[in-house]
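Chemist: I am sharing upload_35.pdb, which consists of PDB, C-alpha atoms and all ligand atoms:
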```pdb
MODEL        1
ATOM      1  CA  MET A   1      10.332 -19.352 -15.403
ATOM      2  CA  ALA A   2       8.098 -16.318 -15.988
ATOM      3  CA  GLU A   3       4.792 -18.146 -15.481
ATOM      4  CA  PRO A   4       5.256 -19.363 -11.875
ATOM      5  CA  VAL A   5       6.586 -15.934 -10.817
ATOM      6  CA  ARG A   6       3.481 -14.246 -12.214
ATOM      7  CA  ASN A   7       1.162 -16.702 -10.576
ATOM      8  CA  ARG A   8       3.024 -16.490  -7.314
ATOM      9  CA  TRP A   9       2.473 -12.725  -7.148
ATOM     10  CA  ALA A  10      -1.227 -12.922  -7.952
ATOM     11  CA  GLU A  11      -1.739 -15.787  -5.539
ATOM     12  CA  TRP A  12      -0.014 -13.944  -2.721
ATOM     13  CA  LEU A  13      -1.594 -10.529  -3.230
ATOM     14  CA  LEU A  14      -5.091 -11.841  -3.768
ATOM     15  CA  GLU A  15      -4.992 -14.698  -1.242
ATOM     16  CA  ARG A  16      -1.956 -15.635   0.870
ATOM     17  CA  ARG A  17      -1.213 -12.083   2.105
ATOM     18  CA  HIS A  18      -4.360 -12.195   4.245
ATOM     19  CA  GLY A  19      -4.832 -15.974   4.515
ATOM     20  CA  GLY A  20      -8.006 -15.729   2.398
ATOM     21  CA  ASP A  21      -9.841 -14.156   5.368
ATOM     22  CA  PRO A  22     -12.085 -11.136   4.568
ATOM     23  CA  GLU A  23     -11.581  -9.749   8.106
ATOM     24  CA  ASP A  24      -7.822  -9.902   7.704
ATOM     25  CA  LEU A  25      -8.115  -8.269   4.278
ATOM     26  CA  LYS A  26     -10.152  -5.490   5.858
ATOM     27  CA  SER A  27      -7.466  -4.738   8.431
ATOM     28  CA  THR A  28      -4.822  -4.830   5.673
ATOM     29  CA  LEU A  29      -6.842  -2.244   3.740
ATOM     30  CA  ASP A  30      -7.404  -0.133   6.874
ATOM     31  CA  PHE A  31      -3.635   0.201   6.970
ATOM     32  CA  LEU A  32      -3.093   0.568   3.214
ATOM     33  CA  ILE A  33      -5.697   3.147   2.253
ATOM     34  CA  PRO A  34      -4.170   5.985   4.313
ATOM     35  CA  VAL A  35      -0.755   5.019   2.890
ATOM     36  CA  ARG A  36      -2.145   5.215  -0.653
ATOM     37  CA  ASP A  37      -3.742   8.591   0.073
ATOM     38  CA  ARG A  38      -0.473   9.933   1.383
ATOM     39  CA  VAL A  39       1.476   8.692  -1.638
ATOM     40  CA  LEU A  40      -1.014  10.476  -3.911
ATOM     41  CA  ARG A  41      -0.952  13.644  -1.796
ATOM     42  CA  ASN A  42       2.848  13.702  -1.884
ATOM     43  CA  ALA A  43       2.596  13.382  -5.680
ATOM     44  CA  ALA A  44       0.385  16.520  -5.767
ATOM     45  CA  LEU A  45      -1.710  14.769  -8.412
ATOM     46  CA  THR A  46      -4.455  16.861 -10.014
ATOM     47  CA  GLY A  47      -7.262  16.508 -12.559
ATOM     48  CA  GLY A  48      -6.338  15.768 -16.159
ATOM     49  CA  GLU A  49      -2.865  14.375 -15.410
ATOM     50  CA  ILE A  50      -1.211  11.171 -16.649
ATOM     51  CA  LEU A  51       0.150   8.836 -13.980
ATOM     52  CA  LEU A  52       2.076   5.567 -14.020
ATOM     53  CA  ASP A  53       1.762   3.265 -11.008
ATOM     54  CA  VAL A  54       4.694   0.858 -11.014
ATOM     55  CA  GLY A  55       3.990  -2.597  -9.571
ATOM     56  CA  ALA A  56       0.310  -1.715  -9.475
ATOM     57  CA  GLY A  57      -0.750  -5.091  -8.069
ATOM     58  CA  ASP A  58      -4.520  -5.168  -7.677
ATOM     59  CA  GLY A  59      -4.726  -1.432  -8.283
ATOM     60  CA  LEU A  60      -4.704   0.074  -4.787
ATOM     61  CA  VAL A  61      -2.858   3.233  -5.835
ATOM     62  CA  ALA A  62      -3.854   3.240  -9.508
ATOM     63  CA  PHE A  63      -7.619   3.176  -8.886
ATOM     64  CA  GLY A  64      -7.215   5.868  -6.218
ATOM     65  CA  ALA A  65      -5.332   7.950  -8.786
ATOM     66  CA  LEU A  66      -8.064   7.478 -11.404
ATOM     67  CA  GLU A  67     -10.550   9.214  -9.114
ATOM     68  CA  ILE A  68      -8.260  12.225  -8.801
ATOM     69  CA  VAL A  69      -7.227  12.581 -12.448
ATOM     70  CA  GLY A  70     -10.898  12.393 -13.465
ATOM     71  CA  GLU A  71     -12.356  12.188 -16.963
ATOM     72  CA  GLY A  72      -9.512  14.132 -18.569
ATOM     73  CA  GLY A  73      -6.700  12.062 -17.051
ATOM     74  CA  ARG A  74      -5.152   8.631 -17.629
ATOM     75  CA  VAL A  75      -3.530   5.967 -15.492
ATOM     76  CA  HIS A  76      -0.964   3.405 -16.647
ATOM     77  CA  PHE A  77      -0.804   0.239 -14.526
ATOM     78  CA  SER A  78       2.526  -1.616 -14.813
ATOM     79  CA  ASP A  79       3.480  -4.902 -13.169
ATOM     80  CA  ILE A  80       5.600  -8.007 -13.746
ATOM     81  CA  SER A  81       2.505 -10.105 -13.107
ATOM     82  CA  GLN A  82       0.294 -10.480 -16.175
ATOM     83  CA  ASP A  83      -2.297 -12.131 -13.911
ATOM     84  CA  LEU A  84      -2.510  -9.022 -11.735
ATOM     85  CA  LEU A  85      -2.711  -6.752 -14.785
ATOM     86  CA  ASP A  86      -5.577  -8.904 -16.097
ATOM     87  CA  HIS A  87      -7.251  -8.726 -12.682
ATOM     88  CA  SER A  88      -6.997  -4.906 -12.642
ATOM     89  CA  ARG A  89      -8.192  -4.677 -16.242
ATOM     90  CA  SER A  90     -11.302  -6.627 -15.371
ATOM     91  CA  LEU A  91     -11.924  -4.416 -12.292
ATOM     92  CA  ALA A  92     -11.501  -1.324 -14.500
ATOM     93  CA  ARG A  93     -14.036  -2.721 -16.968
ATOM     94  CA  GLN A  94     -16.533  -3.365 -14.142
ATOM     95  CA  MET A  95     -15.982   0.164 -12.836
ATOM     96  CA  GLY A  96     -16.525   1.676 -16.301
ATOM     97  CA  VAL A  97     -13.088   3.354 -16.367
ATOM     98  CA  LEU A  98     -11.292   1.101 -18.848
ATOM     99  CA  ASP A  99     -11.028   3.834 -21.486
ATOM    100  CA  ARG A 100      -8.782   5.838 -19.114
ATOM    101  CA  CYS A 101      -6.429   2.930 -18.282
ATOM    102  CA  GLU A 102      -3.384   1.369 -19.916
ATOM    103  CA  PHE A 103      -1.781  -1.895 -18.812
ATOM    104  CA  VAL A 104       1.941  -2.443 -19.232
ATOM    105  CA  HIS A 105       3.679  -5.734 -18.558
ATOM    106  CA  ALA A 106       7.090  -4.523 -17.375
ATOM    107  CA  SER A 107       9.589  -4.742 -14.574
ATOM    108  CA  ALA A 108      10.258  -1.580 -12.575
ATOM    109  CA  ASP A 109      13.873  -1.613 -13.728
ATOM    110  CA  ASP A 110      12.996  -1.883 -17.422
ATOM    111  CA  LEU A 111      10.214   0.410 -18.565
ATOM    112  CA  SER A 112      11.429   0.372 -22.182
ATOM    113  CA  ALA A 113       7.843  -0.267 -23.300
ATOM    114  CA  LEU A 114       7.186   3.355 -22.298
ATOM    115  CA  GLU A 115       8.474   6.390 -24.163
ATOM    116  CA  ASP A 116      10.584   9.155 -22.610
ATOM    117  CA  ALA A 117       9.192  12.146 -20.755
ATOM    118  CA  PHE A 118       5.427  11.748 -21.155
ATOM    119  CA  LEU A 119       4.159  11.296 -17.575
ATOM    120  CA  ASP A 120       3.096  13.886 -15.011
ATOM    121  CA  VAL A 121       3.465  11.478 -12.097
ATOM    122  CA  VAL A 122       5.056   8.108 -11.247
ATOM    123  CA  THR A 123       3.996   6.336  -8.066
ATOM    124  CA  THR A 124       5.086   3.068  -6.526
ATOM    125  CA  ARG A 125       4.174   1.390  -3.226
ATOM    126  CA  SER A 126       6.031  -1.584  -1.754
ATOM    127  CA  VAL A 127       7.597  -2.640  -5.032
ATOM    128  CA  LEU A 128      11.226  -1.479  -4.927
ATOM    129  CA  ILE A 129      11.640  -3.778  -1.930
ATOM    130  CA  TYR A 130      11.384  -6.672  -4.419
ATOM    131  CA  VAL A 131      13.604  -5.137  -7.106
ATOM    132  CA  LYS A 132      17.289  -6.035  -7.242
ATOM    133  CA  ASP A 133      18.456  -3.184  -9.454
ATOM    134  CA  LYS A 134      16.898  -0.266  -7.598
ATOM    135  CA  GLN A 135      19.202   2.294  -9.209
ATOM    136  CA  ARG A 136      18.039   1.311 -12.677
ATOM    137  CA  ALA A 137      14.416   1.546 -11.500
ATOM    138  CA  PHE A 138      14.934   5.143 -10.311
ATOM    139  CA  GLU A 139      16.624   5.961 -13.622
ATOM    140  CA  GLU A 140      13.633   4.578 -15.483
ATOM    141  CA  PHE A 141      11.217   6.640 -13.327
ATOM    142  CA  HIS A 142      13.274   9.735 -14.107
ATOM    143  CA  ARG A 143      13.348   8.958 -17.842
ATOM    144  CA  VAL A 144       9.586   8.503 -18.294
ATOM    145  CA  LEU A 145       8.655  11.638 -16.336
ATOM    146  CA  LYS A 146       8.137  14.982 -18.082
ATOM    147  CA  PRO A 147      10.323  17.845 -16.895
ATOM    148  CA  GLY A 148       8.545  19.083 -13.776
ATOM    149  CA  GLY A 149       6.944  15.623 -13.314
ATOM    150  CA  ARG A 150       6.750  14.125  -9.818
ATOM    151  CA  LEU A 151       7.725  10.779  -8.312
ATOM    152  CA  SER A 152       6.112   9.541  -5.069
ATOM    153  CA  ILE A 153       7.144   6.353  -3.302
ATOM    154  CA  PHE A 154       6.345   4.368  -0.169
ATOM    155  CA  GLU A 155       8.556   1.497   0.943
ATOM    156  CA  PRO A 156       8.807  -0.553   4.137
ATOM    157  CA  ILE A 157      12.330  -0.492   5.576
ATOM    158  CA  ASN A 158      12.700  -4.110   6.630
ATOM    159  CA  ASN A 159      16.302  -3.988   7.717
ATOM    160  CA  PHE A 160      15.171  -1.890  10.695
ATOM    161  CA  THR A 161      13.549  -5.034  12.119
ATOM    162  CA  TYR A 162      15.926  -7.704  10.852
ATOM    163  CA  PRO A 163      17.148  -9.881  12.451
ATOM    164  CA  GLU A 164      14.496 -10.242  15.104
ATOM    165  CA  PRO A 165      16.012 -11.070  18.521
ATOM    166  CA  PRO A 166      15.880 -14.770  19.439
ATOM    167  CA  HIS A 167      13.176 -14.331  22.102
ATOM    168  CA  LEU A 168      10.697 -12.827  19.600
ATOM    169  CA  PHE A 169       8.772 -14.489  16.795
ATOM    170  CA  GLY A 170       6.778 -12.073  14.661
ATOM    171  CA  GLY A 171       6.809  -9.780  17.685
ATOM    172  CA  SER A 172       5.446 -12.445  20.102
ATOM    173  CA  ASP A 173       7.535 -13.327  23.141
ATOM    174  CA  VAL A 174       8.657 -16.931  22.676
ATOM    175  CA  THR A 175      11.411 -16.915  25.354
ATOM    176  CA  PRO A 176      10.702 -20.470  26.573
ATOM    177  CA  MET A 177      10.646 -21.747  22.965
ATOM    178  CA  ALA A 178      13.476 -19.649  21.511
ATOM    179  CA  ASP A 179      15.269 -22.760  20.172
ATOM    180  CA  LEU A 180      12.178 -23.883  18.245
ATOM    181  CA  ALA A 181      11.507 -20.346  17.031
ATOM    182  CA  GLU A 182      15.042 -20.132  15.616
ATOM    183  CA  ARG A 183      14.426 -23.278  13.560
ATOM    184  CA  VAL A 184      11.171 -21.894  12.150
ATOM    185  CA  LYS A 185      12.919 -18.614  11.316
ATOM    186  CA  ALA A 186      15.636 -20.628   9.555
ATOM    187  CA  VAL A 187      12.984 -21.996   7.171
ATOM    188  CA  TYR A 188      12.012 -18.447   6.176
ATOM    189  CA  ALA A 189      15.687 -17.495   5.804
ATOM    190  CA  SER A 190      16.369 -20.549   3.617
ATOM    191  CA  ARG A 191      13.798 -19.282   1.080
ATOM    192  CA  GLN A 192      15.222 -15.741   1.085
ATOM    193  CA  PRO A 193      18.859 -15.718   2.166
ATOM    194  CA  PRO A 194      19.151 -12.351   3.949
ATOM    195  CA  GLU A 195      22.533 -11.513   2.391
ATOM    196  CA  GLU A 196      21.012 -11.689  -1.121
ATOM    197  CA  SER A 197      17.539 -10.392  -0.435
ATOM    198  CA  PRO A 198      16.469  -7.149  -2.147
ATOM    199  CA  MET A 199      14.093  -6.746   0.803
ATOM    200  CA  LEU A 200      16.991  -6.103   3.167
ATOM    201  CA  ASP A 201      19.633  -4.401   1.024
ATOM    202  CA  PHE A 202      18.460  -0.802   1.492
ATOM    203  CA  ASP A 203      17.306   1.733   4.022
ATOM    204  CA  GLU A 204      15.711   5.191   3.846
ATOM    205  CA  ARG A 205      19.028   6.881   3.214
ATOM    206  CA  ALA A 206      19.793   4.527   0.336
ATOM    207  CA  LEU A 207      16.440   5.446  -1.250
ATOM    208  CA  PHE A 208      17.384   9.116  -0.982
ATOM    209  CA  ASP A 209      20.791   8.496  -2.587
ATOM    210  CA  LEU A 210      19.278   6.378  -5.366
ATOM    211  CA  ALA A 211      16.880   9.192  -6.249
ATOM    212  CA  GLU A 212      19.675  11.750  -6.223
ATOM    213  CA  ARG A 213      21.962   9.627  -8.404
ATOM    214  CA  ALA A 214      19.127   9.110 -10.897
ATOM    215  CA  GLY A 215      19.063  12.885 -11.489
ATOM    216  CA  PHE A 216      16.309  14.110  -9.183
ATOM    217  CA  GLU A 217      17.291  17.365  -7.508
ATOM    218  CA  GLU A 218      14.553  18.370  -5.058
ATOM    219  CA  ILE A 219      13.956  15.327  -2.867
ATOM    220  CA  HIS A 220      11.810  14.926   0.246
ATOM    221  CA  LEU A 221      12.032  11.979   2.584
ATOM    222  CA  SER A 222       9.859  11.123   5.542
ATOM    223  CA  TYR A 223      11.092   8.198   7.636
ATOM    224  CA  GLU A 224       8.933   6.747  10.391
ATOM    225  CA  ALA A 225       9.977   4.010  12.774
ATOM    226  CA  LYS A 226       7.947   2.746  15.669
ATOM    227  CA  THR A 227       7.539  -0.030  18.152
ATOM    228  CA  LYS A 228       4.509  -0.560  20.339
ATOM    229  CA  PRO A 229       2.761  -3.258  22.328
ATOM    230  CA  GLY A 230      -0.013  -4.985  20.418
ATOM    231  CA  ASN A 231      -3.658  -4.805  21.349
ATOM    232  CA  LEU A 232      -6.644  -7.020  20.808
ATOM    233  CA  GLU A 233      -8.458  -4.544  18.553
ATOM    234  CA  VAL A 234      -5.790  -4.296  15.910
ATOM    235  CA  ASP A 235      -3.314  -7.122  16.269
ATOM    236  CA  ALA A 236      -5.352 -10.183  17.215
ATOM    237  CA  ARG A 237      -5.482 -12.749  14.408
ATOM    238  CA  ASP A 238      -7.548 -15.812  13.882
ATOM    239  CA  TRP A 239      -5.118 -18.741  14.244
ATOM    240  CA  GLU A 240      -6.237 -20.591  11.110
ATOM    241  CA  THR A 241      -5.817 -17.369   9.123
ATOM    242  CA  ALA A 242      -2.348 -16.876  10.595
ATOM    243  CA  LEU A 243      -1.418 -20.431   9.555
ATOM    244  CA  ARG A 244      -2.542 -19.747   5.966
ATOM    245  CA  SER A 245      -0.727 -16.386   5.713
ATOM    246  CA  ALA A 246       2.709 -15.565   4.341
ATOM    247  CA  PRO A 247       4.550 -12.264   4.791
ATOM    248  CA  ASN A 248       5.553 -12.061   1.123
ATOM    249  CA  PRO A 249       5.210 -14.195  -2.016
ATOM    250  CA  PHE A 250       8.586 -15.889  -1.606
ATOM    251  CA  ALA A 251       7.939 -16.995   1.976
ATOM    252  CA  PRO A 252       6.112 -20.132   3.080
ATOM    253  CA  THR A 253       2.902 -19.774   5.065
ATOM    254  CA  LEU A 254       3.315 -20.081   8.835
ATOM    255  CA  GLY A 255       1.635 -23.491   8.634
ATOM    256  CA  GLN A 256       4.148 -24.704   6.026
ATOM    257  CA  ALA A 257       7.123 -23.325   7.965
ATOM    258  CA  LEU A 258       6.019 -25.060  11.176
ATOM    259  CA  VAL A 259       5.657 -28.418   9.436
ATOM    260  CA  GLU A 260       9.011 -28.039   7.720
ATOM    261  CA  ALA A 261      10.960 -26.969  10.819
ATOM    262  CA  LEU A 262       9.506 -29.010  13.670
ATOM    263  CA  THR A 263       8.528 -32.552  14.603
ATOM    264  CA  SER A 264       4.860 -32.977  15.420
ATOM    265  CA  GLU A 265       5.597 -33.012  19.162
ATOM    266  CA  GLU A 266       7.670 -29.815  18.881
ATOM    267  CA  LYS A 267       5.016 -28.194  16.730
ATOM    268  CA  GLU A 268       2.377 -28.975  19.341
ATOM    269  CA  ARG A 269       4.474 -27.323  22.083
ATOM    270  CA  PHE A 270       5.301 -24.317  19.968
ATOM    271  CA  VAL A 271       1.695 -23.789  18.874
ATOM    272  CA  ALA A 272       0.413 -24.163  22.461
ATOM    273  CA  HIS A 273       2.645 -21.237  23.379
ATOM    274  CA  LEU A 274       2.262 -19.063  20.272
ATOM    275  CA  ARG A 275      -1.414 -19.460  19.445
ATOM    276  CA  PRO A 276      -2.867 -17.590  22.453
ATOM    277  CA  LEU A 277      -0.410 -14.733  21.874
ATOM    278  CA  VAL A 278      -1.471 -14.447  18.222
ATOM    279  CA  GLU A 279      -5.171 -14.740  19.043
ATOM    280  CA  THR A 280      -5.028 -12.040  21.709
ATOM    281  CA  GLY A 281      -2.772  -9.681  19.764
ATOM    282  CA  LYS A 282      -0.073  -9.948  22.442
ATOM    283  CA  ARG A 283       2.916  -8.975  20.390
ATOM    284  CA  ARG A 284       5.225  -6.050  20.088
ATOM    285  CA  SER A 285       5.139  -4.501  16.657
ATOM    286  CA  ARG A 286       8.281  -2.901  15.324
ATOM    287  CA  ASP A 287       8.414  -1.374  11.903
ATOM    288  CA  ALA A 288       9.831   1.381   9.784
ATOM    289  CA  VAL A 289       8.625   2.931   6.551
ATOM    290  CA  ALA A 290       9.772   5.643   4.188
ATOM    291  CA  TYR A 291       7.868   8.046   1.974
ATOM    292  CA  LEU A 292       9.947   9.744  -0.686
ATOM    293  CA  TRP A 293       8.727  12.341  -3.159
ATOM    294  CA  THR A 294      10.636  14.330  -5.679
ATOM    295  CA  VAL A 295      10.398  16.434  -8.824
ATOM    296  CA  LYS A 296      12.201  16.099 -12.141
ATOM    297  CA  ARG A 297      13.931  19.344 -12.987
ATOM    298  CA  GLU A 298      12.233  21.628 -15.514
ATOM    299  CA  GLU A 299      14.278  21.847 -18.686
ATOM    300  CA  ALA A 300      17.035  24.455 -18.514
ATOM    301  CA  SER A 301      16.077  27.416 -20.704
TER     302      SER A 301
HETATM  303  C1  LIG B 401       3.388  -5.651  -2.250
HETATM  304  S1  LIG B 401       2.696  -5.673  -3.833
HETATM  305  C2  LIG B 401       2.155  -3.974  -3.948
HETATM  306  C3  LIG B 401       1.065  -3.781  -4.950
HETATM  307  C4  LIG B 401       0.543  -2.347  -5.085
HETATM  308  N1  LIG B 401       1.629  -1.426  -5.416
HETATM  309  C5  LIG B 401      -0.151  -1.873  -3.820
HETATM  310  O1  LIG B 401       0.196  -0.787  -3.358
HETATM  311  O2  LIG B 401      -1.022  -2.592  -3.320
HETATM  312  C6  LIG B 401       4.093  -5.707  -4.904
HETATM  313  C7  LIG B 401       3.739  -5.639  -6.380
HETATM  314  O3  LIG B 401       4.943  -5.456  -7.104
HETATM  315  C8  LIG B 401       4.933  -6.285  -8.238
HETATM  316  N2  LIG B 401       6.339  -6.511  -8.567
HETATM  317  C9  LIG B 401       7.231  -7.330  -7.978
HETATM  318  N3  LIG B 401       8.425  -7.227  -8.532
HETATM  319  C10 LIG B 401       8.304  -6.288  -9.511
HETATM  320  C11 LIG B 401       9.201  -5.739 -10.469
HETATM  321  N4  LIG B 401      10.477  -6.114 -10.551
HETATM  322  N5  LIG B 401       8.717  -4.796 -11.301
HETATM  323  C12 LIG B 401       7.418  -4.402 -11.258
HETATM  324  N6  LIG B 401       6.536  -4.911 -10.378
HETATM  325  C13 LIG B 401       6.969  -5.835  -9.531
HETATM  326  C14 LIG B 401       4.171  -7.518  -7.819
HETATM  327  O4  LIG B 401       3.651  -8.245  -8.896
HETATM  328  C15 LIG B 401       3.071  -6.881  -6.951
HETATM  329  O5  LIG B 401       1.973  -6.511  -7.712
ENDMDL
END
```
Represent the structure from my file as structure tokens, please.
Modeler:
Amino acid sequence: MAEPVRNRWAEWLLERRHGGDPEDLKSTLDFLIPVRDRVLRNAALTGGEILLDVGAGDGLVAFGALEIVGEGGRVHFSDISQDLLDHSRSLARQMGVLDRCEFVHASADDLSALEDAFLDVVTTRSVLIYVKDKQRAFEEFHRVLKPGGRLSIFEPINNFTYPEPPHLFGGSDVTPMADLAERVKAVYASRQPPEESPMLDFDERALFDLAERAGFEEIHLSYEAKTKPGNLEVDARDWETALRSAPNPFAPTLGQALVEALTSEEKERFVAHLRPLVETGKRRSRDAVAYLWTVKREEAS
């Protein structure tokens, strides 16, 4: 079982997330880089420190951290995907920073490969959303941190947007096609039943409580929710790219979902309606995210 899961993560992060389109990847990074910078700022990371990035993926946060910790610091990349760890290792080699990196094949909720209390900072971005046992993950973060060590997290809060009302599909108004849209949405739901999905079983308050129960005492939470009309600059997507894209590694691409849900005549009608909305960025975005940062208590004297 482990092999397909690993490959699925690498395939999604390196390809299906942005439909293999460099333009789409660029807009993903335009969104992600400020998020990464904020996670690192909240961690108050400084030169010479040792950081663990949990679910490091292709190294967005970890490589950013390497620049800050400098020559005297170290960064541990952990992930459940060996393929992504190998990818990051080869990037680190190309960048000439391999001697300051460690790669750990581990799940966020089982960091037993790492000793207790040796890290200055733990970061994680958009990983807990895929982890079933979030409490255990927080306990592991607490265990591996030194007293006085910091944890800094970013997670999307998907249950703010779920379920989408019947007249919307990915934020686009599909009122005249709501029946077809529901059938396409049912394909996504069949792959990730909402009642079992770790992507929907928490909100910002739950993150706060999880941190507190794991033993963190000083906890900061910043929750941001917004909705806004789309615009051509930011939200327009090439249709072929949209068809090749999937919102997460467990979901089908839009193209696959359309084929699975609709007859070819229905698909033609649905696409005739949806495509111009996607291509012109005419959609209403609605999302919520949480940043949480906290400190492990200094040892009592
Ligand atoms: C959305 S990506 C985020 C990657 C990276 N943190 C970033 O900021 O770009 C989610 C990452 O979490 C990893 N992942 C998924 N489930 C995990 C788990 N249980 N433990 C550790 N990593 C996990 C995936 O392999 C993937 O690299």
Chemist: Produce as a PyMOL selection string the set of residues near ligand LIG 401 (chain B), where near means within 9 Å with all atoms listed in the file considered.
Modeler: chain A and resi 5-10+12-13+32+35-36+53-62+78-85+105-110+123-133+137+154+248-249
Chemist: Apply the PyMOL selection byres (((chain A and resi 74) around 8) and not hetatm) to the displayed file and report the matching residues as an mmCIF file with C-alpha atoms, in the frame of the given file.
Modeler:
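Output file expr.cif is given in full below:
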```cif
data_model
loop_
_atom_site.group_PDB
_atom_site.id
_atom_site.type_symbol
_atom_site.label_atom_id
_atom_site.label_comp_id
_atom_site.auth_asym_id
_atom_site.auth_seq_id
_atom_site.Cartn_x
_atom_site.Cartn_y
_atom_site.Cartn_z
ATOM 1 C CA GLY A 48 -6.338 15.768 -16.159
ATOM 2 C CA GLU A 49 -2.865 14.375 -15.410
ATOM 3 C CA ILE A 50 -1.211 11.171 -16.649
ATOM 4 C CA LEU A 51 0.150 8.836 -13.980
ATOM 5 C CA LEU A 66 -8.064 7.478 -11.404
ATOM 6 C CA VAL A 69 -7.227 12.581 -12.448
ATOM 7 C CA GLY A 72 -9.512 14.132 -18.569
ATOM 8 C CA GLY A 73 -6.700 12.062 -17.051
ATOM 9 C CA VAL A 75 -3.530 5.967 -15.492
ATOM 10 C CA HIS A 76 -0.964 3.405 -16.647
ATOM 11 C CA ARG A 100 -8.782 5.838 -19.114
ATOM 12 C CA CYS A 101 -6.429 2.930 -18.282
ATOM 13 C CA GLU A 102 -3.384 1.369 -19.916
#
```
Chemist: Please expand the PyMOL selection byres (((chain A and resi 195-211) around 8) and not hetatm) into the concrete residues it hits in this file, giving the result as a ChimeraX atom specification.
Modeler: /A:129-132,134-135,138,157-160,162,192-194,212-216,219,221,223,289-290,292
Chemist: Which residues come within 12 Å of region 257-274 of chain A, counting all atoms listed in the file, excluding same-chain residues fewer than 6 positions away, as a PyMOL selection string?
Modeler: chain A and resi 168-191+237+239-240+242-247+251+280-283
Chemist: Give me the residues within 12 Å of Ala44 (chain A) as a ChimeraX atom specification, counting all atoms listed in the file and dropping any in the same chain fewer than 6 places off.
Modeler: /A:37-38,51,65,68-69,120-123,148-152,293-295
Chemist: Skipping near chain neighbours, those fewer than 6 positions away, what residues fall within 8 Å of Lys226 (chain A) using all atoms listed in the file, listed as a ChimeraX atom specification?
Modeler: /A:285-288
Chemist: Considering all atoms listed in the file, state which residue in the set A:Gly255, A:Asp238, A:Glu224, A:Gly64 is at the smallest distance from Pro22 (chain A).
Modeler: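 Selected residue with least distance to Pro22 (chain A): A:Asp238.
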Chemist: I'd like the residues picked by the PyMOL selection byres (((chain A and resi 97) around 10) and not hetatm) written out as a CSV table (one decimal) with C-alpha atoms, keeping the file's coordinate frame, using the chain letters and numbers from the file.
Modeler:
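Result written to selection_19.csv:
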```
chain,number,residue,atom,x,y,z
A,63,PHE,CA,-7.6,3.2,-8.9
A,66,LEU,CA,-8.1,7.5,-11.4
A,67,GLU,CA,-10.6,9.2,-9.1
A,70,GLY,CA,-10.9,12.4,-13.5
A,71,GLU,CA,-12.4,12.2,-17.0
A,74,ARG,CA,-5.2,8.6,-17.6
A,75,VAL,CA,-3.5,6.0,-15.5
A,89,ARG,CA,-8.2,-4.7,-16.2
A,91,LEU,CA,-11.9,-4.4,-12.3
A,92,ALA,CA,-11.5,-1.3,-14.5
A,93,ARG,CA,-14.0,-2.7,-17.0
A,94,GLN,CA,-16.5,-3.4,-14.1
A,95,MET,CA,-16.0,0.2,-12.8
A,96,GLY,CA,-16.5,1.7,-16.3
A,98,LEU,CA,-11.3,1.1,-18.8
A,99,ASP,CA,-11.0,3.8,-21.5
A,100,ARG,CA,-8.8,5.8,-19.1
A,101,CYS,CA,-6.4,2.9,-18.3
```
Chemist: Please report the interatomic distance between CA of Glu155 (chain A) and CA of Ala117 (chain A) in Å with one decimal.
Modeler: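 Interatomic distance, CA of Glu155 (chain A) to CA of Ala117 (chain A): 24.2 Å.
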Chemist: When you draw a straight line from CA of Lys146 (chain A) to CA of Glu298 (chain A), how long is it in Å?
Modeler: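 That distance, rounded to one decimal, is 8.2 Å.
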Chemist: Quote the spacing between CA of Val234 (chain A) and CA of Ser27 (chain A) in Å to one decimal place.
Modeler: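 CA of Val234 (chain A) sits 7.7 Å away from CA of Ser27 (chain A).
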Chemist: From the options A:Pro276, A:Glu11, A:His18, A:Pro163, which residue's atoms come nearest to His87 (chain A), counting all atoms listed in the file?
Modeler: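 Of the candidates, the smallest distance to His87 (chain A) is held by A:Glu11.
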Chemist: Around region 18-25 of chain A, fit a box with edges along x, y and z, padding it by 6 Å on each side, then list its centre and edge lengths in Å to one decimal as AutoDock Vina command-line options.
Modeler:
```
--center_x -8.2 --center_y -12.1 --center_z 5.3 --size_x 19.7 --size_y 19.7 --size_z 17.7
```
